[in-house]
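K.L.:
Here it is, the structure, as structure tokens.
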Amino acid sequence: MLEIKGLEVKLEEEDKQILRGVDLTVEAGKVHAIMGPNGSGKSTLSYVLSGRDGYEVTGGTATLDGEDLLDMDPEERAAIGLFLAFQYPVEIPGVGNMTFLRTAVNAQRKARGQEEVSSKDFLAMIRDKAKSLKIDPEMLKRPVNVGFSGGEKKRNEILQMAMLEPKMCILDETDSGLDVDAMKLVSDGVNALRDEGRGFLVITHYQRLLNHIQPDVVHIMSDGRIVKTGGPELALEVEESGYGNILGEVA
Ligand code: ADP
Ligand code: MG
Ligand code: MG
């Protein structure tokens with residue numbers, strides 16, 4: 001499903017190499033986690049996959065179901081089923097949350113050759129999903145993320161994810177700044193979306209999120225590469241002894 005081969009990325013502004021050959025395959029139905037020390041390139045990987053400006057791919061490939069992601073606009077990537085939840089969700093003043101979601105859902109339907117969703121169906125869908133995520137209906141009317149608390153922004157991202165029903169979901173440090181209750185809610189939201197046809201890449205610095213979202217595979221990233229891959233036990237090893245031991249072993 002998501003296949004990354006030898007991905008090398010540098011910053012456009014400065015001559016600084018950040019990713020130095022990332023190899024990673026996330027199969028449909030699986031949850032892969034990427035852990036790693038601060039500055040190892042985890043966010044850069046998610047930004048490059050989303051198509052954010054400021055990065056130059058100097059080598060390698062990234063495909064979703066065989067389609068070249070690196071060649072597409074961010075909108076096209078979303079339309080074919082890639083979803084990214086960021087550490088810092090953006091605020092969009094002047095655009096109501098509901099309008100935003102409806103536009104996004106319809107853009108995706110169009111790309112898939114489907115008809116637009118009717119107002120009635122859309123309302124039913126959003127009410128149902130918002131309720132299960134304990135999102136106040138008032139929040140749906142407010143501008144996207146404007147004045148939302150950290151926890152509300154994260155829940156709103158999970159709502160977006162639930163509405164778009166993506167094929168591949170990438171969550172970059174969705175746990176940062178969340179209290180235990182909010183983290184539980186976000187994790188439950190993600191777990192509810194786990195499905196045979198859907199892959200997840202969960203990026204996190206800390207192990208605690210992985211107590212709630214059980215990964216199938218855990219990767220350790222360091223200095224722009226994936227240096228070790230294992231099962232859920234690898235996350236526990238990080239929790240117990242930090243990154244030092246693992247990175248020392250690999251070196
Ligand atoms: P992580 O998410 O693992 O903490 P990042 O991908 O955020 O790592 O950062 C990887 C490295 O790239 C760090 O050394 C960071 O300082 C650097 N970096 C990323 N983006 C920029 C930028 N826009 N300008 C300067 N340095 C950057
Ligand atoms: Mg960081
Ligand atoms: Mg980061």
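Letters A, B, ... go to the chains of the structure tokens in the order shown; residues in each chain start at 1; ligands are counted from 1 in the same order.
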Residues of chain A within 8 Å of ligand 2: nearest atom pair and distance (Å, one decimal) for each, counting only C-alpha atoms and all ligand atoms, sorted by chain and number, as CSV?

P.N.:
```
residue,atom,partner,partner_atom_place_in_ligand_line,distance
A:Pro37,CA,ligand 2,1 (Mg),7.8
A:Asn38,CA,ligand 2,1 (Mg),4.5
A:Gly39,CA,ligand 2,1 (Mg),5.3
A:Ser40,CA,ligand 2,1 (Mg),7.7
A:Gly41,CA,ligand 2,1 (Mg),7.8
A:Lys42,CA,ligand 2,1 (Mg),7.4
A:Ser43,CA,ligand 2,1 (Mg),6.7
```

K.L.:
Could you produce a table of the residues of region 96-198 of chain A lying within 10 Å of region 205-218 of chain A, with the nearest pair of atoms per residue and their separation in Å rounded to one decimal, using only C-alpha atoms, ordered by chain and increasing residue number, as a Markdown table?

P.N.:
```
| residue | atom | partner | partner_atom | distance |
| --- | --- | --- | --- | --- |
| A:Asp172 | CA | A:His205 | CA | 9.4 |
| A:Glu173 | CA | A:His205 | CA | 7.0 |
| A:Thr174 | CA | A:Leu209 | CA | 8.7 |
| A:Asp175 | CA | A:Leu209 | CA | 6.4 |
| A:Ser176 | CA | A:His205 | CA | 8.7 |
| A:Val180 | CA | A:Leu209 | CA | 9.6 |
| A:Met183 | CA | A:Leu209 | CA | 7.4 |
| A:Lys184 | CA | A:His212 | CA | 6.9 |
| A:Leu185 | CA | A:His212 | CA | 9.7 |
| A:Val186 | CA | A:His212 | CA | 9.3 |
| A:Ser187 | CA | A:His212 | CA | 5.8 |
| A:Asp188 | CA | A:His212 | CA | 7.7 |
| A:Gly189 | CA | A:Ile213 | CA | 9.9 |
| A:Val190 | CA | A:Ile213 | CA | 7.5 |
| A:Asn191 | CA | A:Ile213 | CA | 6.6 |
| A:Arg194 | CA | A:Ile213 | CA | 9.8 |
```

K.L.:
Atoms to include: C-alpha atoms. Write the selected residues as a PDB file, in the first residue's frame.

P.N.:
```pdb
ATOM      1  CA  ASP A 172       2.492  12.860  13.517  1.00  0.00           C
ATOM      2  CA  GLU A 173       2.769  13.192  17.300  1.00  0.00           C
ATOM      3  CA  THR A 174      -0.976  13.303  17.680  1.00  0.00           C
ATOM      4  CA  ASP A 175      -0.399  12.562  21.351  1.00  0.00           C
ATOM      5  CA  SER A 176       1.716  15.602  22.174  1.00  0.00           C
ATOM      6  CA  VAL A 180      -4.860  11.156  29.391  1.00  0.00           C
ATOM      7  CA  MET A 183      -5.443  10.727  24.372  1.00  0.00           C
ATOM      8  CA  LYS A 184      -7.844   7.909  25.147  1.00  0.00           C
ATOM      9  CA  LEU A 185     -10.522   9.564  22.999  1.00  0.00           C
ATOM     10  CA  VAL A 186      -8.130  10.070  20.092  1.00  0.00           C
ATOM     11  CA  SER A 187      -6.858   6.492  20.385  1.00  0.00           C
ATOM     12  CA  ASP A 188     -10.392   5.111  20.491  1.00  0.00           C
ATOM     13  CA  GLY A 189     -11.167   7.153  17.380  1.00  0.00           C
ATOM     14  CA  VAL A 190      -8.165   5.686  15.585  1.00  0.00           C
ATOM     15  CA  ASN A 191      -8.914   2.161  16.756  1.00  0.00           C
ATOM     16  CA  ARG A 194      -8.756   0.256  11.984  1.00  0.00           C
TER      17      ARG A 194
END
```

K.L.:
Could I get the residue neighbourhood of ligand 1 at 12 Å, counting only C-alpha atoms and all ligand atoms, as an MDAnalysis selection string?

P.N.:
chainID A and resid 9:20 34:49 52:56 86:88 171:174 176 203:206 220:226

K.L.:
Contacts of region 72-85 of chain A at 10 Å or less, counting only C-alpha atoms, minus same-chain residues fewer than 4 places along, as a PyMOL selection string?

P.N.:
chain A and resi 2+46-53+64-65+67-68+89+104-112+154+156-158+160-161+164-174+198-202

K.L.:
Would you mind exporting the chosen residues as a tab-separated table (two decimals), in the first residue's frame, restricted to C-alpha atoms?

P.N.:
```tsv
chain	number	residue	atom	x	y	z
A	2	LEU	CA	2.36	2.80	1.19
A	46	SER	CA	5.28	13.20	7.13
A	47	TYR	CA	5.60	16.68	5.58
A	48	VAL	CA	7.24	15.31	2.45
A	49	LEU	CA	4.56	12.65	2.10
A	50	SER	CA	1.86	15.33	2.43
A	51	GLY	CA	3.51	17.50	-0.23
A	52	ARG	CA	4.42	20.48	1.90
A	53	ASP	CA	6.68	23.14	0.34
A	64	LEU	CA	0.39	4.71	-2.50
A	65	ASP	CA	-1.13	1.66	-4.16
A	67	GLU	CA	0.73	5.69	-7.58
A	68	ASP	CA	3.64	8.11	-7.37
A	89	PRO	CA	-3.28	21.40	13.26
A	104	ALA	CA	-13.09	17.94	1.52
A	105	VAL	CA	-15.48	14.99	1.39
A	106	ASN	CA	-16.88	16.12	-1.97
A	107	ALA	CA	-13.44	16.77	-3.48
A	108	GLN	CA	-12.49	13.25	-2.58
A	109	ARG	CA	-15.72	11.80	-3.96
A	110	LYS	CA	-15.17	13.66	-7.21
A	111	ALA	CA	-11.65	12.26	-7.51
A	112	ARG	CA	-13.10	8.79	-6.98
A	154	LYS	CA	-6.82	16.68	17.92
A	156	ASN	CA	-11.28	17.53	15.18
A	157	GLU	CA	-8.48	15.90	13.17
A	158	ILE	CA	-9.80	12.48	14.06
A	160	GLN	CA	-11.75	14.76	9.60
A	161	MET	CA	-10.12	11.37	9.30
A	164	LEU	CA	-12.74	11.14	4.73
A	165	GLU	CA	-12.33	7.39	5.24
A	166	PRO	CA	-8.76	7.45	3.90
A	167	LYS	CA	-6.71	4.44	2.78
A	168	MET	CA	-3.57	5.51	4.57
A	169	CYS	CA	-3.49	7.61	7.72
A	170	ILE	CA	-0.35	9.23	9.02
A	171	LEU	CA	-0.46	10.72	12.50
A	172	ASP	CA	2.49	12.86	13.52
A	173	GLU	CA	2.77	13.19	17.30
A	174	THR	CA	-0.98	13.30	17.68
A	198	ARG	CA	-6.63	0.83	5.79
A	199	GLY	CA	-3.03	1.35	6.89
A	200	PHE	CA	-1.73	3.59	9.66
A	201	LEU	CA	1.62	5.19	10.28
A	202	VAL	CA	1.73	6.51	13.83
```

K.L.:
Which residue, A:Asp23, A:Thr63, A:Asn97, A:His219, has the smallest gap to Glu138 (chain A) when you use only C-alpha atoms?

P.N.:
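The shortest atom-to-atom distance to Glu138 (chain A) comes from A:Asn97.
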
K.L.:
Mind listing the alpha helix (DSSP H) residues of region 60-246 of chain A, per DSSP on the backbone, as JSON, numbers by chain?

P.N.:
{"A": [74, 75, 76, 77, 78, 79, 97, 98, 99, 100, 101, 102, 103, 104, 105, 106, 107, 108, 109, 110, 111, 119, 120, 121, 122, 123, 124, 125, 126, 127, 128, 129, 130, 131, 132, 137, 138, 139, 140, 141, 150, 151, 152, 153, 154, 155, 156, 157, 158, 159, 160, 161, 162, 163, 164, 180, 181, 182, 183, 184, 185, 186, 187, 188, 189, 190, 191, 192, 193, 209, 210, 211, 212, 233, 234, 235, 236, 237, 238, 239, 240, 241, 242, 243, 244, 245, 246]}

K.L.:
Take the residues that were just selected and, keeping C-alpha atoms, output them as a compact mmCIF listing (two decimals), in the first residue's frame.

P.N.:
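result32.txt, freshly written:
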```txt
# COMPACT_ATOMS: atom_id res chain seq x y z
CA PRO A 74 -1.27 17.84 -1.77
CA GLU A 75 -4.94 17.84 -2.87
CA GLU A 76 -4.38 14.94 -5.25
CA ARG A 77 -2.65 12.97 -2.53
CA ALA A 78 -5.63 13.52 -0.26
CA ALA A 79 -8.03 12.59 -3.03
CA ASN A 97 -15.67 23.44 10.18
CA MET A 98 -18.73 21.88 8.61
CA THR A 99 -18.20 23.65 5.26
CA PHE A 100 -14.57 22.64 5.28
CA LEU A 101 -15.41 18.99 5.87
CA ARG A 102 -18.12 18.95 3.26
CA THR A 103 -15.79 20.47 0.67
CA ALA A 104 -13.09 17.94 1.52
CA VAL A 105 -15.48 14.99 1.39
CA ASN A 106 -16.88 16.12 -1.97
CA ALA A 107 -13.44 16.77 -3.48
CA GLN A 108 -12.49 13.25 -2.58
CA ARG A 109 -15.72 11.80 -3.96
CA LYS A 110 -15.17 13.66 -7.21
CA ALA A 111 -11.65 12.26 -7.51
CA SER A 119 -26.91 17.79 2.60
CA LYS A 120 -29.09 15.36 4.44
CA ASP A 121 -26.66 12.46 4.24
CA PHE A 122 -23.74 14.70 5.11
CA LEU A 123 -25.49 16.03 8.21
CA ALA A 124 -26.41 12.55 9.36
CA MET A 125 -22.86 11.33 8.80
CA ILE A 126 -21.18 14.21 10.61
CA ARG A 127 -23.58 14.13 13.57
CA ASP A 128 -23.02 10.45 14.03
CA LYS A 129 -19.24 10.67 13.89
CA ALA A 130 -19.04 13.82 16.03
CA LYS A 131 -21.14 12.15 18.67
CA SER A 132 -18.92 9.10 18.84
CA PRO A 137 -22.12 20.16 17.68
CA GLU A 138 -21.32 23.84 18.33
CA MET A 139 -17.71 23.09 17.42
CA LEU A 140 -18.83 22.04 13.96
CA LYS A 141 -20.13 25.54 13.26
CA GLY A 150 -5.21 21.37 22.01
CA GLY A 151 -7.48 18.43 22.77
CA GLU A 152 -10.32 19.82 20.61
CA LYS A 153 -7.96 20.27 17.65
CA LYS A 154 -6.82 16.68 17.92
CA ARG A 155 -10.37 15.39 18.16
CA ASN A 156 -11.28 17.53 15.18
CA GLU A 157 -8.48 15.90 13.17
CA ILE A 158 -9.80 12.48 14.06
CA LEU A 159 -13.25 13.67 12.94
CA GLN A 160 -11.75 14.76 9.60
CA MET A 161 -10.12 11.37 9.30
CA ALA A 162 -13.37 9.56 10.10
CA MET A 163 -15.27 11.64 7.52
CA LEU A 164 -12.74 11.14 4.73
CA VAL A 180 -4.86 11.16 29.39
CA ASP A 181 -8.59 11.49 28.68
CA ALA A 182 -8.08 13.27 25.37
CA MET A 183 -5.44 10.73 24.37
CA LYS A 184 -7.84 7.91 25.15
CA LEU A 185 -10.52 9.56 23.00
CA VAL A 186 -8.13 10.07 20.09
CA SER A 187 -6.86 6.49 20.38
CA ASP A 188 -10.39 5.11 20.49
CA GLY A 189 -11.17 7.15 17.38
CA VAL A 190 -8.17 5.69 15.58
CA ASN A 191 -8.91 2.16 16.76
CA ALA A 192 -12.50 2.48 15.52
CA LEU A 193 -11.10 3.24 12.06
CA LEU A 209 0.29 6.38 22.84
CA LEU A 210 1.21 2.85 21.76
CA ASN A 211 -0.40 1.51 24.93
CA HIS A 212 -3.68 2.66 23.43
CA GLU A 233 8.27 -5.00 22.25
CA LEU A 234 10.61 -2.48 20.63
CA ALA A 235 8.41 0.36 21.93
CA LEU A 236 8.60 -1.08 25.42
CA GLU A 237 12.38 -1.26 25.15
CA VAL A 238 12.43 2.47 24.33
CA GLU A 239 10.17 3.16 27.30
CA GLU A 240 12.44 1.24 29.65
CA SER A 241 15.89 2.22 28.52
CA GLY A 242 15.47 5.24 26.24
CA TYR A 243 16.92 5.54 22.74
CA GLY A 244 20.56 5.42 23.84
CA ASN A 245 20.84 1.64 24.14
CA ILE A 246 19.09 0.83 20.88
```

K.L.:
What separation in Å, quoted to one decimal, exists between CA of Gly66 (chain A) and CA of Gly197 (chain A)?

P.N.:
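Those two atoms sit 15.1 Å apart.
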
K.L.:
Rounded to one decimal, what separation in Å do you get between CA of Phe148 (chain A) and CA of Gly177 (chain A)?

P.N.:
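Distance between the two atoms: 13.2 Å.
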
K.L.:
So how far away is CA of Pro143 (chain A) from CA of Ile92 (chain A), in Å?

P.N.:
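Straight-line distance from CA of Ile92 (chain A) to CA of Pro143 (chain A) works out to 6.3 Å.
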
K.L.:
Check the DSSP output for the backbone and give back, as a list in words, the residues of region 37-155 of chain A in strand (DSSP E).

P.N.:
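Residues of region 37-155 of chain A classed as strand (DSSP E): Tyr55, Glu56, Val57, Thr58, Gly59, Gly60, Thr61, Ala62, Thr63, Leu64, Glu67, Asp68, Leu82, Phe83, Leu84, Ala85, Ile92, Pro93, Gly94, Val95, Gly96, Pro143 and Val144 of chain A.
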
K.L.:
Emit the selected residues as a PDB file, in the first residue's frame, including N, CA and C atoms.

P.N.:
```pdb
ATOM      1  N   TYR A  55      10.793  21.426   0.877  1.00  0.00           N
ATOM      2  CA  TYR A  55      11.650  20.239   0.876  1.00  0.00           C
ATOM      3  C   TYR A  55      11.948  19.811  -0.552  1.00  0.00           C
ATOM      4  N   GLU A  56      13.165  19.294  -0.739  1.00  0.00           N
ATOM      5  CA  GLU A  56      13.536  18.801  -2.057  1.00  0.00           C
ATOM      6  C   GLU A  56      13.872  17.325  -1.952  1.00  0.00           C
ATOM      7  N   VAL A  57      13.183  16.532  -2.746  1.00  0.00           N
ATOM      8  CA  VAL A  57      13.475  15.091  -2.769  1.00  0.00           C
ATOM      9  C   VAL A  57      14.689  14.889  -3.661  1.00  0.00           C
ATOM     10  N   THR A  58      15.764  14.359  -3.078  1.00  0.00           N
ATOM     11  CA  THR A  58      16.998  14.185  -3.850  1.00  0.00           C
ATOM     12  C   THR A  58      17.220  12.735  -4.250  1.00  0.00           C
ATOM     13  N   GLY A  59      16.322  11.858  -3.815  1.00  0.00           N
ATOM     14  CA  GLY A  59      16.442  10.462  -4.225  1.00  0.00           C
ATOM     15  C   GLY A  59      15.305   9.632  -3.672  1.00  0.00           C
ATOM     16  N   GLY A  60      15.046   8.497  -4.318  1.00  0.00           N
ATOM     17  CA  GLY A  60      14.069   7.545  -3.806  1.00  0.00           C
ATOM     18  C   GLY A  60      12.652   7.787  -4.298  1.00  0.00           C
ATOM     19  N   THR A  61      11.725   6.945  -3.833  1.00  0.00           N
ATOM     20  CA  THR A  61      10.342   6.992  -4.286  1.00  0.00           C
ATOM     21  C   THR A  61       9.372   6.817  -3.118  1.00  0.00           C
ATOM     22  N   ALA A  62       8.139   7.271  -3.330  1.00  0.00           N
ATOM     23  CA  ALA A  62       7.061   7.030  -2.365  1.00  0.00           C
ATOM     24  C   ALA A  62       5.774   6.833  -3.161  1.00  0.00           C
ATOM     25  N   THR A  63       5.144   5.684  -2.996  1.00  0.00           N
ATOM     26  CA  THR A  63       3.915   5.405  -3.739  1.00  0.00           C
ATOM     27  C   THR A  63       2.806   4.948  -2.798  1.00  0.00           C
ATOM     28  N   LEU A  64       1.564   5.229  -3.204  1.00  0.00           N
ATOM     29  CA  LEU A  64       0.391   4.709  -2.496  1.00  0.00           C
ATOM     30  C   LEU A  64      -0.382   3.872  -3.510  1.00  0.00           C
ATOM     31  N   GLU A  67       0.754   4.357  -6.973  1.00  0.00           N
ATOM     32  CA  GLU A  67       0.731   5.692  -7.580  1.00  0.00           C
ATOM     33  C   GLU A  67       1.803   6.575  -6.958  1.00  0.00           C
ATOM     34  N   ASP A  68       2.532   7.277  -7.810  1.00  0.00           N
ATOM     35  CA  ASP A  68       3.643   8.109  -7.374  1.00  0.00           C
ATOM     36  C   ASP A  68       3.142   9.328  -6.600  1.00  0.00           C
ATOM     37  N   LEU A  82      -4.770   9.581   0.975  1.00  0.00           N
ATOM     38  CA  LEU A  82      -3.743   9.794   1.997  1.00  0.00           C
ATOM     39  C   LEU A  82      -4.253  10.845   2.981  1.00  0.00           C
ATOM     40  N   PHE A  83      -4.138  10.556   4.260  1.00  0.00           N
ATOM     41  CA  PHE A  83      -4.576  11.533   5.268  1.00  0.00           C
ATOM     42  C   PHE A  83      -3.465  11.766   6.277  1.00  0.00           C
ATOM     43  N   LEU A  84      -3.189  13.034   6.556  1.00  0.00           N
ATOM     44  CA  LEU A  84      -2.173  13.346   7.554  1.00  0.00           C
ATOM     45  C   LEU A  84      -2.734  14.180   8.682  1.00  0.00           C
ATOM     46  N   ALA A  85      -2.501  13.735   9.894  1.00  0.00           N
ATOM     47  CA  ALA A  85      -2.862  14.507  11.083  1.00  0.00           C
ATOM     48  C   ALA A  85      -1.562  15.031  11.672  1.00  0.00           C
ATOM     49  N   ILE A  92      -8.070  27.751  10.342  1.00  0.00           N
ATOM     50  CA  ILE A  92      -8.518  28.371   9.096  1.00  0.00           C
ATOM     51  C   ILE A  92      -9.637  29.362   9.413  1.00  0.00           C
ATOM     52  N   PRO A  93      -9.250  30.618   9.727  1.00  0.00           N
ATOM     53  CA  PRO A  93     -10.265  31.613  10.077  1.00  0.00           C
ATOM     54  C   PRO A  93     -11.208  31.843   8.906  1.00  0.00           C
ATOM     55  N   GLY A  94     -12.467  32.040   9.214  1.00  0.00           N
ATOM     56  CA  GLY A  94     -13.432  32.369   8.164  1.00  0.00           C
ATOM     57  C   GLY A  94     -14.029  31.165   7.449  1.00  0.00           C
ATOM     58  N   VAL A  95     -13.507  29.984   7.709  1.00  0.00           N
ATOM     59  CA  VAL A  95     -14.080  28.796   7.073  1.00  0.00           C
ATOM     60  C   VAL A  95     -14.687  27.896   8.145  1.00  0.00           C
ATOM     61  N   GLY A  96     -15.997  27.744   8.092  1.00  0.00           N
ATOM     62  CA  GLY A  96     -16.674  26.899   9.077  1.00  0.00           C
ATOM     63  C   GLY A  96     -16.209  25.455   8.967  1.00  0.00           C
ATOM     64  N   PRO A 143     -15.202  28.350  13.003  1.00  0.00           N
ATOM     65  CA  PRO A 143     -14.149  28.250  11.983  1.00  0.00           C
ATOM     66  C   PRO A 143     -13.147  27.149  12.370  1.00  0.00           C
ATOM     67  N   VAL A 144     -12.596  26.478  11.370  1.00  0.00           N
ATOM     68  CA  VAL A 144     -11.731  25.327  11.576  1.00  0.00           C
ATOM     69  C   VAL A 144     -10.607  25.616  12.570  1.00  0.00           C
TER      70      VAL A 144
END
```
